[in-house]
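Chemist: First, the structure itself, so that you have it in front of you.
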Amino acid sequence: MDCAVRSLYLLIVFLIFSTFHGPRMQVVESANILAIEMVVGKSHWNFFSSVLRSLTDKRHHVTVFTPVTEGNRENYTEIDTSDDLPKNSGLAFTDMMKVFGDPIKMLWFGPGIARSYCDIIHGNERFKDILEGFVHTDFDVILIEPIWLDCESYVATKLNLPIIYVVPQTIFTFLEYIYLGHMPNTASASNFMADYSVPKTFVQRFSTTALLTYSILTFSYSDFLFKYREPKPYDVPEPVLPSAMFVNTHYITEASRPNFFILFLWVASI
């Protein structure tokens with residue numbers, strides 16, 4: 001069945017169900033949310049915190065692990081991880097551009113950083129207490145900024161909770177399958193590392209396909225080496241797809257493209 005047809009079918013089923021069983025359905029007035037900021041970066045936190053502030057303004061309760069502290073407030077509790085996570089600010093801007101401005105260097109450099117972030121977060125004592133059930137919690141959902149290596153699925157599986165991704169930048173093309181179970185069409189969707197927004201010529205489409213293939217192979221190889229050399233508990237669970245995703249994007253910075261699968265994921269998660 002075509003993905004768009006399946007999405008429409010599930011949406012119709014949900015609407016029919018909600019129509020006939022509406023009185024029995026309960027609306028949650030406030031949710032207890034566990035939020036995890038995985039990356040040290042003011043720009044990352046600006047977007048992540050804006051989502052959290054919108055939730056607390058609506059009377060939801062948020063407990064957040066974050067390296068950028070703002071102070072506790074009503075419905076908002078911070079757990080400071082600034083002493084644990086490494087500081088990116090030590091890198092000069094020119095040094096960062098040499099790494100992140102080069103697709104080859106970035107693809108070999110990024111997974112190592114992501115692995116260190118996973119180790120640090122999962123090594124936090126208060127975080128381990130939550131995962132192991134030593135601290136009584138009543139969380140309803142997890143909000144997290146995903147990184148290059150999937151250590152988020154372990155949290156969702158361990159706590160048996162739905163997970164929502166908060167992405168402060170354009171989605172990394174080669175991670176879309178891990179995030180969403182969907183692979184972008186290289187004939188119409190550009191790679192985030194390409195210097196064009198939409199592939200129009202044969203050369204651009206070919207280079208987009210080659211770049212995506214190289215990215216996936218490089219990432220998969222790095223991921224395999226990490227799991228083989230030093231396996232971690234968060235390497236074991238099967239990937240968990242997010243129930244929703246907030247992405248900091250706009251048509252002036254990223255070209256629009258078909259996203260029928262997002263509707264399908266939303267309906268399937270209800």
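We name chains A, B, ... following the order of the structure tokens; residues begin at 1 in each chain, and ligands are numbered from 1 as shown.
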Which residues are near Thr201 (chain A)? Cut-off 12 Å, only C-alpha atoms, ignore same chain within fewer than 4 positions. Put them as a list in words.

Modeler: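 Answer for this query is Thr186, Ala187, Ser188, Ser190, Tyr196, Arg205, Phe206, Ser207 and Thr208 of chain A.
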
Chemist: I need the residues of region 54-266 of chain A that end up classed as helix (DSSP H, G or I) by DSSP on the backbone, written out as a VMD selection string.

Modeler: chain A and resid 54 to 57 88 to 90 93 to 100 103 to 123 125 to 132 152 to 159 173 to 180 202 to 229 233 to 235 260 to 266

Chemist: Restricted to C-alpha atoms, what would the selected residues look like written as a short mmCIF file (atom, residue, chain, number, x, y, z; two decimals), in the first residue's frame?

Modeler:
data_model
loop_
_atom_site.label_atom_id
_atom_site.label_comp_id
_atom_site.auth_asym_id
_atom_site.auth_seq_id
_atom_site.Cartn_x
_atom_site.Cartn_y
_atom_site.Cartn_z
CA SER A 54 6.09 27.00 25.46
CA LEU A 55 5.25 23.79 27.33
CA THR A 56 5.70 25.25 30.81
CA ASP A 57 3.62 28.28 29.80
CA ASN A 88 32.70 23.38 22.10
CA SER A 89 33.53 27.03 22.74
CA GLY A 90 37.19 26.12 23.03
CA PHE A 93 35.53 29.53 14.52
CA THR A 94 38.09 28.90 11.79
CA ASP A 95 38.92 25.48 13.27
CA MET A 96 35.22 24.57 13.41
CA MET A 97 34.77 25.57 9.78
CA LYS A 98 37.73 23.42 8.75
CA VAL A 99 35.99 20.41 10.28
CA PHE A 100 32.29 21.06 9.77
CA PRO A 103 31.92 16.73 4.39
CA ILE A 104 34.76 14.20 4.52
CA LYS A 105 36.21 15.48 7.81
CA MET A 106 32.81 16.02 9.39
CA LEU A 107 31.60 12.48 8.68
CA TRP A 108 34.66 10.99 10.36
CA PHE A 109 34.76 13.54 13.18
CA GLY A 110 31.04 13.69 14.08
CA PRO A 111 30.36 10.12 15.29
CA GLY A 112 33.21 10.31 17.82
CA ILE A 113 31.76 13.48 19.34
CA ALA A 114 28.28 11.93 19.42
CA ARG A 115 29.61 8.82 21.15
CA SER A 116 31.26 10.94 23.86
CA TYR A 117 27.99 12.83 24.43
CA CYS A 118 26.11 9.53 24.80
CA ASP A 119 28.67 8.23 27.32
CA ILE A 120 28.55 11.40 29.38
CA ILE A 121 24.75 11.66 29.55
CA HIS A 122 24.28 7.97 30.32
CA GLY A 123 27.04 8.19 32.92
CA GLU A 125 24.35 9.57 38.26
CA ARG A 126 20.94 11.26 38.44
CA PHE A 127 20.17 10.14 34.90
CA LYS A 128 21.14 6.55 35.76
CA ASP A 129 18.89 6.68 38.84
CA ILE A 130 15.95 7.63 36.62
CA LEU A 131 16.67 4.89 34.07
CA GLU A 132 17.13 2.21 36.73
CA GLU A 152 17.96 7.87 22.54
CA SER A 153 16.13 4.61 21.78
CA TYR A 154 17.60 3.09 24.94
CA VAL A 155 15.98 5.81 27.05
CA ALA A 156 12.58 5.34 25.39
CA THR A 157 12.79 1.55 25.72
CA LYS A 158 14.03 1.62 29.32
CA LEU A 159 11.31 4.01 30.49
CA THR A 173 20.18 13.66 5.34
CA PHE A 174 21.95 10.40 6.08
CA LEU A 175 20.23 10.17 9.50
CA GLU A 176 16.68 10.52 8.21
CA TYR A 177 16.21 6.77 7.93
CA ILE A 178 17.25 6.34 11.58
CA TYR A 179 15.09 9.23 12.74
CA LEU A 180 12.00 8.59 10.63
CA PHE A 202 21.94 15.08 -13.84
CA VAL A 203 25.30 16.02 -12.32
CA GLN A 204 23.65 17.46 -9.20
CA ARG A 205 21.39 14.42 -8.76
CA PHE A 206 24.31 12.07 -9.25
CA SER A 207 26.48 13.98 -6.76
CA THR A 208 23.59 14.03 -4.24
CA THR A 209 23.23 10.25 -4.56
CA ALA A 210 26.98 9.72 -4.26
CA LEU A 211 27.22 11.99 -1.21
CA LEU A 212 24.30 10.26 0.50
CA THR A 213 25.77 6.82 -0.21
CA TYR A 214 29.17 7.84 1.10
CA SER A 215 27.59 9.41 4.20
CA ILE A 216 25.58 6.29 5.05
CA LEU A 217 28.52 3.94 4.53
CA THR A 218 30.90 6.11 6.57
CA PHE A 219 28.42 6.57 9.39
CA SER A 220 27.52 2.85 9.45
CA TYR A 221 31.20 1.88 9.56
CA SER A 222 31.94 4.25 12.45
CA ASP A 223 28.86 3.04 14.33
CA PHE A 224 29.90 -0.60 13.84
CA LEU A 225 33.43 0.06 15.10
CA PHE A 226 32.18 1.76 18.26
CA LYS A 227 29.78 -1.09 19.05
CA TYR A 228 32.40 -3.75 18.30
CA ARG A 229 35.32 -2.21 20.18
CA PRO A 233 24.10 -0.81 27.15
CA TYR A 234 22.50 1.80 24.87
CA ASP A 235 23.74 -0.10 21.79
CA PHE A 260 3.73 12.30 3.68
CA PHE A 261 5.52 10.00 6.13
CA ILE A 262 5.24 12.61 8.89
CA LEU A 263 1.44 12.32 8.79
CA PHE A 264 1.74 8.55 8.92
CA LEU A 265 4.04 8.66 11.95
CA TRP A 266 1.73 11.07 13.74
#

Chemist: Enumerate as a VMD selection string all residues of region 31-269 of chain A assigned to strand (DSSP E) by DSSP on the backbone, naming them with the chain letters and numbers the document uses.

Modeler: chain A and resid 32 to 36 61 to 66 76 to 80 141 to 144 163 to 167 244 to 247

Chemist: Record the distance separating CA of Asn46 (chain A) and CA of Thr66 (chain A), expressed in Å with one decimal.

Modeler: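 Atom-to-atom, CA of Asn46 (chain A) to CA of Thr66 (chain A), that is 11.7 Å.
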
Chemist: How many Å separate CA of Val68 (chain A) from CA of Ser49 (chain A)?

Modeler: 9.5 Å

Chemist: Go ahead and compute the interatomic distance for CA of Asp84 (chain A) and CA of Val64 (chain A), in Å to one decimal.

Modeler: 14.7 Å
